[in-house]
Amino acid sequence: MAALDPRAVIEEFLDSHDLDFEKKDSNTFLVSLPGEKKLQTHCALVVGDHSLSINAFVIRKPDENEGGVHAWCMQKNASMYGIAFAINELGDLYLVGRLPLPAVTDREIDRLLGAVLQYSDSSFNPLLELGFANAIRREWAWRVSRGESLANLKAFEHLV
């Protein structure tokens, strides 16, 4: 029995789950996953010669406490399924993973995208606190001084 084309499996999965995506080329699917704390996680599913890779942006390079942010991510990596935190050449944080092409099934795509969404969303606020606490405090003070809404900063009220 011939294996299904992984591209077709991915596209059918994304369509059937009403996920917002576009095809960059025949091997690359750009997917937007809706979250709660991190409102959207953008990720790329790239079909290679032997494996499917997934790369999802989490946060830009921390402004401060970079070592603390990286240590937190490394500790988290030990308990994660199918993906891990990584940094790019600019220091931005991503979730990355790889799956052999014969393992590309609806079930595994669901697990990988679910893991990306869960880890990205649940890690977002702790990573912001660790790497951007001073920027959050400045933003809070600026909004208070102008009478602006603090609604999307309420999770960080304890930092002020």
# chains A, B, ... in the order shown; residues from 1 in each chain; ligands from 1
call {"tool": "select_by_dssp", "arguments": {"residues": "stretch 5-98 of chain A", "states": "helix (DSSP H, G or I)", "output": "CSV table (one decimal) with C-alpha atoms, in the first residue's frame"}}
result
chain,number,residue,atom,x,y,z
A,6,PRO,CA,2.1,14.2,3.2
A,7,ARG,CA,1.1,17.5,1.5
A,8,ALA,CA,-2.4,16.2,0.8
A,9,VAL,CA,-2.7,14.9,4.4
A,10,ILE,CA,-1.7,18.3,5.8
A,11,GLU,CA,-4.0,20.3,3.5
A,12,GLU,CA,-6.9,18.0,4.2
A,13,PHE,CA,-6.3,18.3,7.9
A,14,LEU,CA,-6.1,22.1,7.8
A,15,ASP,CA,-9.2,22.4,5.7
A,16,SER,CA,-11.2,20.0,7.8
A,66,GLU,CA,18.0,36.6,28.4
A,67,GLY,CA,19.8,33.8,30.4
A,68,GLY,CA,16.7,33.4,32.7
A,69,VAL,CA,14.4,33.2,29.6
A,70,HIS,CA,16.7,30.5,28.0
A,71,ALA,CA,17.0,28.5,31.3
A,72,TRP,CA,13.2,28.6,31.6
A,73,CYS,CA,12.8,27.3,28.1
A,74,MET,CA,15.4,24.5,28.5
A,75,GLN,CA,13.6,23.3,31.7
A,76,LYS,CA,10.3,23.3,29.8
A,77,ASN,CA,11.8,21.4,26.9
call {"tool": "residues_around", "arguments": {"residues": "stretch 135-146 of chain A", "least_positions_apart": "5", "cutoff": "9 Å", "atoms": "only C-alpha atoms", "output": "ChimeraX atom specification"}}
result
/A:63,128-129,153,156-157,159-160
call {"tool": "write_last_selection", "arguments": {"atoms": "N, CA and C atoms", "output": "PDB file, in the first residue's frame"}}
result
ATOM      1  N   ASP A  63      14.315  41.568  25.957  1.00  0.00           N
ATOM      2  CA  ASP A  63      15.010  42.835  26.221  1.00  0.00           C
ATOM      3  C   ASP A  63      15.953  42.716  27.409  1.00  0.00           C
ATOM      4  N   LEU A 128       7.052  36.658  28.743  1.00  0.00           N
ATOM      5  CA  LEU A 128       7.009  38.128  28.742  1.00  0.00           C
ATOM      6  C   LEU A 128       7.459  38.682  30.083  1.00  0.00           C
ATOM      7  N   GLU A 129       7.009  38.069  31.174  1.00  0.00           N
ATOM      8  CA  GLU A 129       7.427  38.523  32.508  1.00  0.00           C
ATOM      9  C   GLU A 129       8.933  38.409  32.685  1.00  0.00           C
ATOM     10  N   LEU A 153      -3.218  44.237  29.746  1.00  0.00           N
ATOM     11  CA  LEU A 153      -2.050  44.171  30.619  1.00  0.00           C
ATOM     12  C   LEU A 153      -2.403  43.637  32.011  1.00  0.00           C
ATOM     13  N   PHE A 156      -0.397  41.231  34.046  1.00  0.00           N
ATOM     14  CA  PHE A 156       0.916  41.664  34.535  1.00  0.00           C
ATOM     15  C   PHE A 156       0.808  42.704  35.642  1.00  0.00           C
ATOM     16  N   GLU A 157      -0.359  42.888  36.186  1.00  0.00           N
ATOM     17  CA  GLU A 157      -0.589  43.898  37.225  1.00  0.00           C
ATOM     18  C   GLU A 157       0.343  43.705  38.419  1.00  0.00           C
ATOM     19  N   LEU A 159       3.342  43.028  38.447  1.00  0.00           N
ATOM     20  CA  LEU A 159       4.692  43.545  38.169  1.00  0.00           C
ATOM     21  C   LEU A 159       4.806  45.031  38.475  1.00  0.00           C
ATOM     22  N   VAL A 160       3.671  45.700  38.579  1.00  0.00           N
ATOM     23  CA  VAL A 160       3.670  47.152  38.745  1.00  0.00           C
ATOM     24  C   VAL A 160       3.797  47.527  40.204  1.00  0.00           C
TER      25      VAL A 160
END
call {"tool": "residues_around", "arguments": {"residues": "A:Gly131", "least_positions_apart": "6", "cutoff": "6 Å", "atoms": "only C-alpha atoms", "output": "JSON, numbers by chain"}}
result
{"A": [62, 63, 64, 65]}
call {"tool": "select_by_dssp", "arguments": {"residues": "chain A", "states": "strand (DSSP E)", "output": "ChimeraX atom specification"}}
result
/A:20-25,28-34,40-47,51-59,83-87,93-100
call {"tool": "closest_residue", "arguments": {"among": "A:Tyr119, A:Leu101, A:Ala133, A:Asp106", "to": "A:Phe57", "atoms": "only C-alpha atoms"}}
result
A:Tyr119
call {"tool": "atom_distance", "arguments": {"atom1": "atom CA of A:Asn55", "atom2": "atom CA of A:Tyr94"}}
result
6.5 Å
call {"tool": "residues_around", "arguments": {"residues": "A:Asp121", "least_positions_apart": "2", "cutoff": "7 Å", "atoms": "only C-alpha atoms", "output": "VMD selection string"}}
result
chain A and resid 35 to 38 117 to 119 123 to 124
call {"tool": "residues_around", "arguments": {"residues": "A:Thr28", "least_positions_apart": "4", "cutoff": "8 Å", "atoms": "only C-alpha atoms", "output": "PyMOL selection string"}}
result
chain A and resi 23-24+44-47
call {"tool": "write_last_selection", "arguments": {"atoms": "N, CA and C atoms", "output": "JSON list (two decimals), in the first residue's frame"}}
result
[["chain", "number", "residue", "atom", "x", "y", "z"],
["A", 23, "LYS", "N", -0.72, 28.48, 1.43],
["A", 23, "LYS", "CA", 0.41, 27.72, 0.91],
["A", 23, "LYS", "C", 1.41, 28.70, 0.32],
["A", 24, "LYS", "N", 2.61, 28.71, 0.91],
["A", 24, "LYS", "CA", 3.66, 29.59, 0.40],
["A", 24, "LYS", "C", 4.19, 29.04, -0.91],
["A", 44, "ALA", "N", 4.95, 27.48, 10.51],
["A", 44, "ALA", "CA", 5.17, 26.96, 9.16],
["A", 44, "ALA", "C", 5.34, 25.45, 9.25],
["A", 45, "LEU", "N", 4.61, 24.75, 8.42],
["A", 45, "LEU", "CA", 4.80, 23.31, 8.23],
["A", 45, "LEU", "C", 5.51, 23.16, 6.90],
["A", 46, "VAL", "N", 6.70, 22.59, 6.93],
["A", 46, "VAL", "CA", 7.51, 22.47, 5.71],
["A", 46, "VAL", "C", 7.80, 21.00, 5.43],
["A", 47, "VAL", "N", 7.34, 20.54, 4.27],
["A", 47, "VAL", "CA", 7.57, 19.16, 3.86],
["A", 47, "VAL", "C", 8.91, 19.10, 3.15]]
